[in-house]
file target.cif (mmCIF, C-alpha atoms)
data_run
loop_
_atom_site.group_PDB
_atom_site.id
_atom_site.type_symbol
_atom_site.label_atom_id
_atom_site.label_comp_id
_atom_site.auth_asym_id
_atom_site.auth_seq_id
_atom_site.Cartn_x
_atom_site.Cartn_y
_atom_site.Cartn_z
ATOM 1 C CA ARG A 1138 107.031 91.632 99.826
ATOM 2 C CA ALA A 1139 103.444 90.468 100.382
ATOM 3 C CA VAL A 1140 102.070 92.875 97.785
ATOM 4 C CA ARG A 1141 104.673 91.774 95.243
ATOM 5 C CA ASP A 1142 103.396 88.197 95.682
ATOM 6 C CA MET A 1143 99.913 89.212 94.508
ATOM 7 C CA PRO A 1144 99.734 88.214 90.832
ATOM 8 C CA THR A 1145 97.249 90.926 89.840
ATOM 9 C CA LEU A 1146 99.397 93.823 91.081
ATOM 10 C CA GLU A 1147 102.562 95.308 89.670
ATOM 11 C CA VAL A 1148 104.690 97.223 92.151
ATOM 12 C CA SER A 1149 108.303 98.288 92.298
ATOM 13 C CA ASP A 1150 110.866 97.016 94.764
ATOM 14 C CA ARG A 1151 111.126 100.454 96.424
ATOM 15 C CA PHE A 1152 109.227 101.247 99.600
ATOM 16 C CA VAL A 1153 108.929 103.625 102.548
ATOM 17 C CA VAL A 1154 107.708 102.462 105.955
ATOM 18 C CA TRP A 1155 105.474 104.646 108.134
ATOM 19 C CA GLY A 1156 104.044 103.777 111.528
ATOM 20 C CA HIS A 1157 102.400 105.491 114.490
ATOM 21 C CA SER A 1158 102.982 104.787 118.211
ATOM 22 C CA GLN A 1159 103.865 101.076 118.531
ATOM 23 C CA GLY A 1160 103.850 101.108 114.743
ATOM 24 C CA GLY A 1161 106.372 103.941 114.868
ATOM 25 C CA GLN A 1162 108.667 101.757 116.942
ATOM 26 C CA SER A 1163 108.124 98.953 114.414
ATOM 27 C CA ALA A 1164 108.996 101.354 111.581
ATOM 28 C CA LEU A 1165 112.310 102.226 113.259
ATOM 29 C CA PHE A 1166 113.101 98.536 113.697
ATOM 30 C CA THR A 1167 112.170 97.961 110.048
ATOM 31 C CA GLY A 1168 114.860 100.482 109.183
ATOM 32 C CA GLN A 1169 117.345 98.437 111.195
ATOM 33 C CA VAL A 1170 116.505 94.972 109.849
ATOM 34 C CA ALA A 1171 115.242 95.571 106.292
ATOM 35 C CA PRO A 1172 118.617 95.093 104.545
ATOM 36 C CA SER A 1173 119.047 91.614 106.052
ATOM 37 C CA TYR A 1174 115.373 90.613 106.325
ATOM 38 C CA ALA A 1175 114.315 91.642 102.797
ATOM 39 C CA PRO A 1176 117.487 92.311 100.778
ATOM 40 C CA GLU A 1177 115.543 92.116 97.502
ATOM 41 C CA LEU A 1178 113.628 95.280 98.449
ATOM 42 C CA ASP A 1179 114.932 98.847 98.442
ATOM 43 C CA LEU A 1180 113.956 100.777 101.585
ATOM 44 C CA LEU A 1181 114.077 104.509 100.821
ATOM 45 C CA GLY A 1182 113.039 106.020 104.150
ATOM 46 C CA VAL A 1183 111.455 105.539 107.563
ATOM 47 C CA VAL A 1184 108.657 107.639 109.051
ATOM 48 C CA ALA A 1185 107.986 107.227 112.763
ATOM 49 C CA THR A 1186 105.063 109.136 114.270
ATOM 50 C CA ALA A 1187 105.107 109.331 118.092
ATOM 51 C CA PRO A 1188 107.169 106.138 118.239
ATOM 52 C CA ALA A 1189 107.647 104.214 121.474
ATOM 53 C CA ALA A 1190 111.401 104.728 121.295
ATOM 54 C CA GLU A 1191 112.765 105.594 124.765
ATOM 55 C CA LEU A 1192 111.063 102.656 126.460
ATOM 56 C CA THR A 1193 112.528 102.901 129.967
ATOM 57 C CA ARG A 1194 111.869 106.630 130.247
ATOM 58 C CA ILE A 1195 108.359 106.297 128.780
ATOM 59 C CA LEU A 1196 107.524 103.536 131.243
ATOM 60 C CA GLU A 1197 108.787 105.546 134.196
ATOM 61 C CA ARG A 1198 106.901 108.696 133.231
ATOM 62 C CA ASP A 1199 103.681 106.873 132.329
ATOM 63 C CA LEU A 1200 103.514 104.778 135.514
ATOM 64 C CA PRO A 1201 101.050 107.007 137.399
ATOM 65 C CA THR A 1202 98.806 107.587 134.363
ATOM 66 C CA ILE A 1203 95.846 105.573 133.083
ATOM 67 C CA ALA A 1204 97.689 104.914 129.813
ATOM 68 C CA GLY A 1205 100.752 103.684 131.691
ATOM 69 C CA ARG A 1206 98.662 101.331 133.788
ATOM 70 C CA VAL A 1207 97.294 99.750 130.594
ATOM 71 C CA LEU A 1208 100.288 99.762 128.237
ATOM 72 C CA GLY A 1209 102.813 98.907 130.969
ATOM 73 C CA PRO A 1210 101.108 95.639 131.953
ATOM 74 C CA GLU A 1211 100.637 94.711 128.289
ATOM 75 C CA ALA A 1212 104.356 95.052 127.579
ATOM 76 C CA LEU A 1213 105.700 93.497 130.768
ATOM 77 C CA VAL A 1214 103.341 90.514 130.790
ATOM 78 C CA ALA A 1215 104.155 89.829 127.132
ATOM 79 C CA TRP A 1216 107.900 89.935 127.833
ATOM 80 C CA SER A 1217 107.511 87.688 130.873
ATOM 81 C CA GLU A 1218 105.871 85.092 128.609
ATOM 82 C CA VAL A 1219 108.307 85.427 125.705
ATOM 83 C CA TYR A 1220 111.669 85.661 127.449
ATOM 84 C CA PRO A 1221 112.909 82.791 129.619
ATOM 85 C CA GLY A 1222 113.947 83.639 133.146
ATOM 86 C CA THR A 1223 111.758 86.713 133.554
ATOM 87 C CA ASP A 1224 109.639 86.719 136.699
ATOM 88 C CA LEU A 1225 106.758 89.171 136.633
ATOM 89 C CA SER A 1226 106.392 88.990 140.412
ATOM 90 C CA SER A 1227 109.855 90.559 140.758
ATOM 91 C CA LEU A 1228 108.463 93.751 139.199
ATOM 92 C CA VAL A 1229 104.872 93.948 140.408
ATOM 93 C CA THR A 1230 104.149 95.070 143.942
ATOM 94 C CA GLY A 1231 102.078 93.107 146.434
ATOM 95 C CA ALA A 1232 98.808 91.636 145.231
ATOM 96 C CA ALA A 1233 98.780 93.624 141.979
ATOM 97 C CA GLU A 1234 99.908 90.753 139.771
ATOM 98 C CA ASP A 1235 96.379 89.414 139.156
ATOM 99 C CA ASP A 1236 95.193 92.874 138.102
ATOM 100 C CA VAL A 1237 98.253 93.353 135.892
ATOM 101 C CA ARG A 1238 97.610 90.072 134.089
ATOM 102 C CA GLU A 1239 93.886 90.811 133.727
ATOM 103 C CA ILE A 1240 94.658 94.192 132.164
ATOM 104 C CA ALA A 1241 97.256 92.689 129.829
ATOM 105 C CA GLU A 1242 94.825 90.054 128.605
ATOM 106 C CA GLY A 1243 92.067 92.595 127.979
ATOM 107 C CA CYS A 1244 91.315 94.473 124.788
ATOM 108 C CA ILE A 1245 91.411 98.249 124.381
ATOM 109 C CA GLU A 1246 90.443 98.686 120.748
ATOM 110 C CA THR A 1247 87.393 100.766 121.707
ATOM 111 C CA THR A 1248 86.401 103.167 124.472
ATOM 112 C CA SER A 1249 83.767 100.730 125.728
ATOM 113 C CA GLN A 1250 86.373 97.972 126.056
ATOM 114 C CA LEU A 1251 88.610 100.295 128.034
ATOM 115 C CA ALA A 1252 85.655 101.100 130.306
ATOM 116 C CA VAL A 1253 85.356 97.402 131.187
ATOM 117 C CA LEU A 1254 89.010 97.324 132.245
ATOM 118 C CA LEU A 1255 88.962 100.702 133.975
ATOM 119 C CA PRO A 1256 88.001 99.427 137.457
ATOM 120 C CA ARG A 1257 91.028 97.122 137.510
ATOM 121 C CA VAL A 1258 93.223 99.904 136.126
ATOM 122 C CA LEU A 1259 92.132 102.219 138.918
ATOM 123 C CA LEU A 1260 92.557 99.517 141.564
ATOM 124 C CA LEU A 1261 96.098 99.007 140.343
ATOM 125 C CA GLY A 1262 97.052 102.386 141.792
ATOM 126 C CA LYS A 1263 100.041 104.512 140.854
ATOM 127 C CA ASP A 1264 102.726 102.405 142.528
ATOM 128 C CA TRP A 1265 102.031 99.000 140.991
ATOM 129 C CA LEU A 1266 105.558 98.563 139.652
ATOM 130 C CA THR A 1267 108.791 98.238 141.595
ATOM 131 C CA PHE A 1268 110.500 100.424 139.034
ATOM 132 C CA GLU A 1269 114.066 100.006 140.262
ATOM 133 C CA GLN A 1270 113.797 96.319 139.308
ATOM 134 C CA VAL A 1271 113.424 97.350 135.656
ATOM 135 C CA ASP A 1272 117.137 98.183 135.720
ATOM 136 C CA VAL A 1273 118.027 94.686 136.970
ATOM 137 C CA GLU A 1274 118.823 91.761 134.696
ATOM 138 C CA PRO A 1275 117.250 90.170 132.781
ATOM 139 C CA TRP A 1276 114.685 92.968 132.464
ATOM 140 C CA ARG A 1277 117.256 95.617 131.561
ATOM 141 C CA SER A 1278 118.542 93.622 128.577
ATOM 142 C CA HIS A 1279 115.031 92.871 127.317
ATOM 143 C CA ILE A 1280 114.044 96.539 127.436
ATOM 144 C CA GLU A 1281 117.252 97.502 125.646
ATOM 145 C CA GLU A 1282 116.575 94.820 123.030
ATOM 146 C CA ASN A 1283 113.149 96.340 122.377
ATOM 147 C CA THR A 1284 114.485 99.907 122.207
ATOM 148 C CA PRO A 1285 115.365 101.009 118.653
ATOM 149 C CA GLY A 1286 118.871 102.283 118.008
ATOM 150 C CA ALA A 1287 121.113 99.287 118.604
ATOM 151 C CA ALA A 1288 121.698 98.943 114.853
ATOM 152 C CA PRO A 1289 122.049 101.796 112.332
ATOM 153 C CA VAL A 1290 119.322 102.955 109.994
ATOM 154 C CA ASP A 1291 121.032 103.821 106.714
ATOM 155 C CA VAL A 1292 118.095 105.685 105.131
ATOM 156 C CA PRO A 1293 116.579 109.066 106.066
ATOM 157 C CA ILE A 1294 114.261 109.087 109.078
ATOM 158 C CA LEU A 1295 111.349 111.479 109.602
ATOM 159 C CA LEU A 1296 110.065 111.647 113.176
ATOM 160 C CA THR A 1297 106.751 113.451 113.662
ATOM 161 C CA GLN A 1298 105.536 114.180 117.154
ATOM 162 C CA GLY A 1299 102.582 115.929 118.783
ATOM 163 C CA LEU A 1300 103.669 118.389 121.448
ATOM 164 C CA ASP A 1301 100.608 117.649 123.608
ATOM 165 C CA ASP A 1302 101.282 113.891 123.692
ATOM 166 C CA THR A 1303 100.996 112.547 127.243
ATOM 167 C CA VAL A 1304 101.589 108.892 126.327
ATOM 168 C CA VAL A 1305 104.760 109.093 124.239
ATOM 169 C CA TRP A 1306 106.291 112.355 125.359
ATOM 170 C CA ALA A 1307 107.706 114.846 122.871
ATOM 171 C CA ASP A 1308 110.889 115.668 124.790
ATOM 172 C CA LEU A 1309 111.803 111.987 125.018
ATOM 173 C CA ASN A 1310 111.490 111.478 121.262
ATOM 174 C CA VAL A 1311 113.438 114.654 120.544
ATOM 175 C CA ASP A 1312 116.174 113.241 122.784
ATOM 176 C CA TRP A 1313 116.026 109.952 120.873
ATOM 177 C CA ALA A 1314 116.357 111.836 117.575
ATOM 178 C CA ARG A 1315 119.409 113.707 118.859
ATOM 179 C CA SER A 1316 120.995 110.407 119.894
ATOM 180 C CA ALA A 1317 120.311 108.968 116.436
ATOM 181 C CA CYS A 1318 121.938 111.999 114.832
ATOM 182 C CA ASP A 1319 124.942 111.539 117.122
ATOM 183 C CA ARG A 1320 125.170 107.964 115.817
ATOM 184 C CA GLY A 1321 125.443 109.371 112.301
ATOM 185 C CA GLU A 1322 121.871 108.745 111.180
ATOM 186 C CA SER A 1323 119.882 111.276 109.157
ATOM 187 C CA VAL A 1324 116.853 112.379 111.182
ATOM 188 C CA GLU A 1325 114.382 115.182 110.566
ATOM 189 C CA VAL A 1326 111.935 116.064 113.343
ATOM 190 C CA ILE A 1327 108.573 117.778 112.813
ATOM 191 C CA THR A 1328 106.660 118.764 115.943
ATOM 192 C CA LEU A 1329 102.908 119.341 115.888
ATOM 193 C CA PRO A 1330 101.610 121.970 118.349
ATOM 194 C CA GLY A 1331 98.292 121.156 119.991
ATOM 195 C CA VAL A 1332 98.374 117.511 118.861
ATOM 196 C CA GLY A 1333 98.116 114.631 121.343
ATOM 197 C CA HIS A 1334 98.940 110.971 120.914
ATOM 198 C CA ASP A 1335 95.886 109.467 119.248
ATOM 199 C CA GLY A 1336 95.610 112.072 116.506
ATOM 200 C CA ALA A 1337 99.286 112.311 115.622
ATOM 201 C CA GLY A 1338 99.161 109.963 112.654
ATOM 202 C CA GLN A 1339 96.395 111.838 110.890
ATOM 203 C CA ALA A 1340 97.738 115.248 111.886
ATOM 204 C CA SER A 1341 101.184 114.509 110.469
ATOM 205 C CA ALA A 1342 99.965 113.247 107.081
ATOM 206 C CA LEU A 1343 100.277 116.639 105.387
ATOM 207 C CA ASP A 1344 103.969 116.672 106.321
ATOM 208 C CA VAL A 1345 104.694 112.999 105.776
ATOM 209 C CA VAL A 1346 103.294 112.534 102.276
ATOM 210 C CA PRO A 1347 105.363 115.358 100.696
ATOM 211 C CA TRP A 1348 108.446 114.078 102.549
ATOM 212 C CA ILE A 1349 107.942 110.613 101.087
#
call {"tool": "encode", "arguments": {"input": "target.cif", "output": "structure tokens"}}
result
Amino acid sequence: RAVRDMPTLEVSDRFVVWGHSQGGQSALFTGQVAPSYAPELDLLGVVATAPAAELTRILERDLPTIAGRVLGPEALVAWSEVYPGTDLSSLVTGAAEDDVREIAEGCIETTSQLAVLLPRVLLLGKDWLTFEQVDVEPWRSHIEENTPGAAPVDVPILLTQGLDDTVVWADLNVDWARSACDRGESVEVITLPGVGHDGAGQASALDVVPWI
């Protein structure tokens, strides 16, 4: 829609959406909302590379890892600020809340920025979250709301996934794809041996472009 508003460019009304990681989750949600959000455009397909799809299971498995102790605080602090009635202290153990907020407000665009946050990440420990509270309202509903699959995607989906991903785990996304197929959606899965999380977007390009 934005490109079509540029007077010097001529583009069709057909498009495919492709995203990696959080962008992969956004791509799946685009598939859900595109018909109502942009009915003048014709979505042909959705490509999700290592998408953050099974949020509860990803959070639980990532808790003890460095990645989980960065991405978990970012998500939970954001939700606590966006959704009324959510109390971060009901999830975070002991005196960890200050560290959780500091991590969430930091920036991890570069390795050097992550290094600045690393001491707080390590101090957070592996048991910073009272995980059973994630399954208690209102947190459960907010996580479900941010998990793709509540509404159908009526166009073909391609899910590409590195098998060595230790942030968004391959078996969880394969499970998500099976659930989508059970809902009647058309999903093709391509797994990438030896590929981790960060490189999955680039590594899947040779499969994605021909599919598009």
call {"tool": "resolve_selection", "arguments": {"input": "target.cif", "expression": "the PyMOL selection byres ((chain A and resi 1234) around 12)", "output": "ChimeraX atom specification"}}
result
/A:1210,1213-1214,1224-1233,1235-1241,1257-1258,1260-1261,1265-1267
call {"tool": "closest_atom_pairs", "arguments": {"input": "target.cif", "of": "segment 1199-1284 of chain A", "to": "segment 1182-1189 of chain A", "cutoff": "12 Å", "atoms": "all atoms listed in the file", "output": "Markdown table"}}
result
| residue | atom | partner | partner_atom | distance |
| --- | --- | --- | --- | --- |
| A:Asp1199 | CA | A:Ala1189 | CA | 11.9 |
| A:Leu1208 | CA | A:Ala1189 | CA | 10.9 |
| A:Gly1209 | CA | A:Ala1189 | CA | 11.9 |
| A:Ala1212 | CA | A:Ala1189 | CA | 11.5 |
| A:Ile1280 | CA | A:Ala1189 | CA | 11.6 |
| A:Asn1283 | CA | A:Ala1189 | CA | 9.6 |
| A:Thr1284 | CA | A:Ala1189 | CA | 8.1 |
call {"tool": "axis_aligned_box", "arguments": {"input": "target.cif", "around": "segment 1261-1264 of chain A", "padding_each_side": "5 Å", "output": "AutoDock Vina command-line options"}}
result
--center_x 99.4 --center_y 101.8 --center_z 141.4 --size_x 16.6 --size_y 15.5 --size_z 12.2
call {"tool": "closest_residue", "arguments": {"input": "target.cif", "among": "A:Val1292, A:Ala1314, A:Leu1329, A:Val1253", "to": "Asp1179 of chain A", "atoms": "only C-alpha atoms"}}
result
A:Val1292
call {"tool": "residues_around", "arguments": {"input": "target.cif", "residues": "His1279 of chain A", "least_positions_apart": "4", "cutoff": "12 Å", "atoms": "all atoms listed in the file", "output": "JSON, numbers by chain"}}
result
{"A": [1192, 1193, 1212, 1213, 1215, 1216, 1217, 1219, 1220, 1221, 1222, 1223, 1271, 1272, 1273, 1274, 1275, 1283, 1284, 1285]}
call {"tool": "closest_residue", "arguments": {"input": "target.cif", "among": "A:Pro1330, A:Glu1282, A:Ile1294, A:Arg1206", "to": "Val1153 of chain A", "atoms": "only C-alpha atoms"}}
result
A:Ile1294
call {"tool": "atom_distance", "arguments": {"input": "target.cif", "atom1": "atom CA of Arg1198 of chain A", "atom2": "atom CA of Gly1299 of chain A"}}
result
16.7 Å
call {"tool": "residues_around", "arguments": {"input": "target.cif", "residues": "Val1304 of chain A", "least_positions_apart": "5", "cutoff": "8 Å", "atoms": "all atoms listed in the file", "output": "number ranges by chain"}}
result
A: 1195, 1199, 1204-1205, 1334
call {"tool": "residues_around", "arguments": {"input": "target.cif", "residues": "Trp1313 of chain A", "least_positions_apart": "6", "cutoff": "9 Å", "atoms": "all atoms listed in the file", "output": "tab-separated table (two decimals) with C-alpha atoms, keeping the file's coordinate frame"}}
result
chain	number	residue	atom	x	y	z
A	1190	ALA	CA	111.40	104.73	121.30
A	1191	GLU	CA	112.76	105.59	124.76
A	1286	GLY	CA	118.87	102.28	118.01
call {"tool": "atom_distance", "arguments": {"input": "target.cif", "atom1": "atom CA of Leu1296 of chain A", "atom2": "atom CA of Val1324 of chain A"}}
result
7.1 Å
call {"tool": "residues_around", "arguments": {"input": "target.cif", "residues": "Val1290 of chain A", "least_positions_apart": "6", "cutoff": "8 Å", "atoms": "only C-alpha atoms", "output": "list in words"}}
result
Leu1165, Gly1168, Gln1169 and Glu1322 of chain A
call {"tool": "resolve_selection", "arguments": {"input": "target.cif", "expression": "the PyMOL selection byres ((chain A and resi 1149) around 10)", "output": "list in words"}}
result
Val1140, Arg1141, Glu1147, Val1148, Asp1150, Arg1151, Phe1152, Leu1178 and Asp1179 of chain A
call {"tool": "closest_residue", "arguments": {"input": "target.cif", "among": "A:Gly1331, A:Pro1144, A:Pro1293, A:Pro1256", "to": "Ile1203 of chain A", "atoms": "only C-alpha atoms"}}
result
A:Pro1256
call {"tool": "atom_distance", "arguments": {"input": "target.cif", "atom1": "atom CA of Trp1348 of chain A", "atom2": "atom CA of Ser1323 of chain A"}}
result
13.5 Å
call {"tool": "closest_residue", "arguments": {"input": "target.cif", "among": "A:Ala1317, A:Val1332, A:Val1207, A:Ile1349", "to": "Lys1263 of chain A", "atoms": "only C-alpha atoms"}}
result
A:Val1207
call {"tool": "closest_residue", "arguments": {"input": "target.cif", "among": "A:Pro1176, A:Leu1295, A:Glu1197, A:Glu1211", "to": "Pro1347 of chain A", "atoms": "all atoms listed in the file"}}
result
A:Leu1295
call {"tool": "closest_residue", "arguments": {"input": "target.cif", "among": "A:Cys1318, A:Ala1171, A:Leu1200, A:Ala1288", "to": "Gly1262 of chain A", "atoms": "all atoms listed in the file"}}
result
A:Leu1200
call {"tool": "resolve_selection", "arguments": {"input": "target.cif", "expression": "the PyMOL selection byres ((chain A and resi 1156) around 8)", "output": "list in words"}}
result
Val1154, Trp1155, His1157, Ser1158, Gln1159, Gly1160, Gly1161, Gln1162, Ser1163, Ala1164, Val1184, Ala1185, Thr1186, Pro1188 and Gly1338 of chain A
call {"tool": "build_atoms", "arguments": {"input": "target.cif", "residues": "segment 1150-1161 of chain A", "atoms": "all heavy atoms", "output": "compact mmCIF listing (two decimals), in the frame of the given file"}}
result
# COMPACT_ATOMS: atom_id res chain seq x y z
N ASP A 1150 110.21 97.58 93.59
CA ASP A 1150 110.87 97.02 94.76
C ASP A 1150 111.27 98.11 95.76
O ASP A 1150 111.95 97.85 96.73
CB ASP A 1150 112.09 96.20 94.37
CG ASP A 1150 113.12 97.03 93.61
OD1 ASP A 1150 112.90 98.25 93.42
OD2 ASP A 1150 114.14 96.45 93.20
N ARG A 1151 110.81 99.34 95.53
CA ARG A 1151 111.13 100.45 96.42
C ARG A 1151 109.97 100.69 97.39
O ARG A 1151 108.81 100.61 97.00
CB ARG A 1151 111.39 101.73 95.62
CG ARG A 1151 112.58 101.61 94.67
CD ARG A 1151 112.73 102.87 93.82
NE ARG A 1151 111.54 103.10 93.02
CZ ARG A 1151 111.10 104.30 92.67
NH1 ARG A 1151 111.74 105.39 93.05
NH2 ARG A 1151 110.02 104.42 91.93
N PHE A 1152 110.30 101.00 98.64
CA PHE A 1152 109.23 101.25 99.60
C PHE A 1152 109.71 102.18 100.71
O PHE A 1152 110.90 102.32 100.96
CB PHE A 1152 108.70 99.94 100.19
CG PHE A 1152 109.60 99.29 101.22
CD1 PHE A 1152 109.27 99.32 102.57
CD2 PHE A 1152 110.76 98.63 100.84
CE1 PHE A 1152 110.08 98.71 103.52
CE2 PHE A 1152 111.57 98.02 101.78
CZ PHE A 1152 111.23 98.05 103.12
N VAL A 1153 108.72 102.82 101.34
CA VAL A 1153 108.93 103.62 102.55
C VAL A 1153 108.03 103.04 103.62
O VAL A 1153 106.89 102.65 103.33
CB VAL A 1153 108.58 105.11 102.30
CG1 VAL A 1153 108.64 105.90 103.60
CG2 VAL A 1153 109.52 105.71 101.27
N VAL A 1154 108.51 102.98 104.85
CA VAL A 1154 107.71 102.46 105.96
C VAL A 1154 107.28 103.63 106.84
O VAL A 1154 108.06 104.55 107.10
CB VAL A 1154 108.48 101.39 106.76
CG1 VAL A 1154 109.76 101.96 107.36
CG2 VAL A 1154 107.62 100.78 107.84
N TRP A 1155 106.02 103.59 107.27
CA TRP A 1155 105.47 104.65 108.13
C TRP A 1155 104.60 104.00 109.20
O TRP A 1155 103.71 103.21 108.88
CB TRP A 1155 104.65 105.64 107.29
CG TRP A 1155 103.97 106.74 108.06
CD1 TRP A 1155 104.23 107.15 109.34
CD2 TRP A 1155 102.93 107.60 107.58
NE1 TRP A 1155 103.41 108.20 109.68
CE2 TRP A 1155 102.61 108.50 108.62
CE3 TRP A 1155 102.26 107.69 106.38
CZ2 TRP A 1155 101.63 109.47 108.49
CZ3 TRP A 1155 101.28 108.67 106.23
CH2 TRP A 1155 100.97 109.55 107.28
N GLY A 1156 104.86 104.32 110.45
CA GLY A 1156 104.04 103.78 111.53
C GLY A 1156 103.83 104.79 112.63
O GLY A 1156 104.60 105.75 112.78
N HIS A 1157 102.77 104.59 113.41
CA HIS A 1157 102.40 105.49 114.49
C HIS A 1157 102.40 104.74 115.82
O HIS A 1157 101.89 103.62 115.91
CB HIS A 1157 101.00 106.08 114.22
CG HIS A 1157 100.40 106.83 115.37
ND1 HIS A 1157 99.10 106.67 115.77
CD2 HIS A 1157 100.95 107.74 116.22
CE1 HIS A 1157 98.86 107.44 116.82
NE2 HIS A 1157 99.96 108.10 117.11
N SER A 1158 102.98 105.33 116.87
CA SER A 1158 102.98 104.79 118.21
C SER A 1158 103.79 103.49 118.23
O SER A 1158 104.96 103.48 117.89
CB SER A 1158 101.55 104.61 118.72
OG SER A 1158 101.53 104.33 120.10
N GLN A 1159 103.15 102.35 118.61
CA GLN A 1159 103.86 101.08 118.53
C GLN A 1159 104.29 100.80 117.10
O GLN A 1159 105.35 100.22 116.85
CB GLN A 1159 102.98 99.95 119.04
CG GLN A 1159 103.70 98.62 119.15
CD GLN A 1159 104.82 98.65 120.16
OE1 GLN A 1159 104.61 98.96 121.32
NE2 GLN A 1159 106.03 98.33 119.74
N GLY A 1160 103.47 101.23 116.15
CA GLY A 1160 103.85 101.11 114.74
C GLY A 1160 105.04 101.97 114.38
O GLY A 1160 105.82 101.63 113.49
N GLY A 1161 105.19 103.11 115.09
CA GLY A 1161 106.37 103.94 114.87
C GLY A 1161 107.64 103.25 115.33
O GLY A 1161 108.69 103.32 114.69
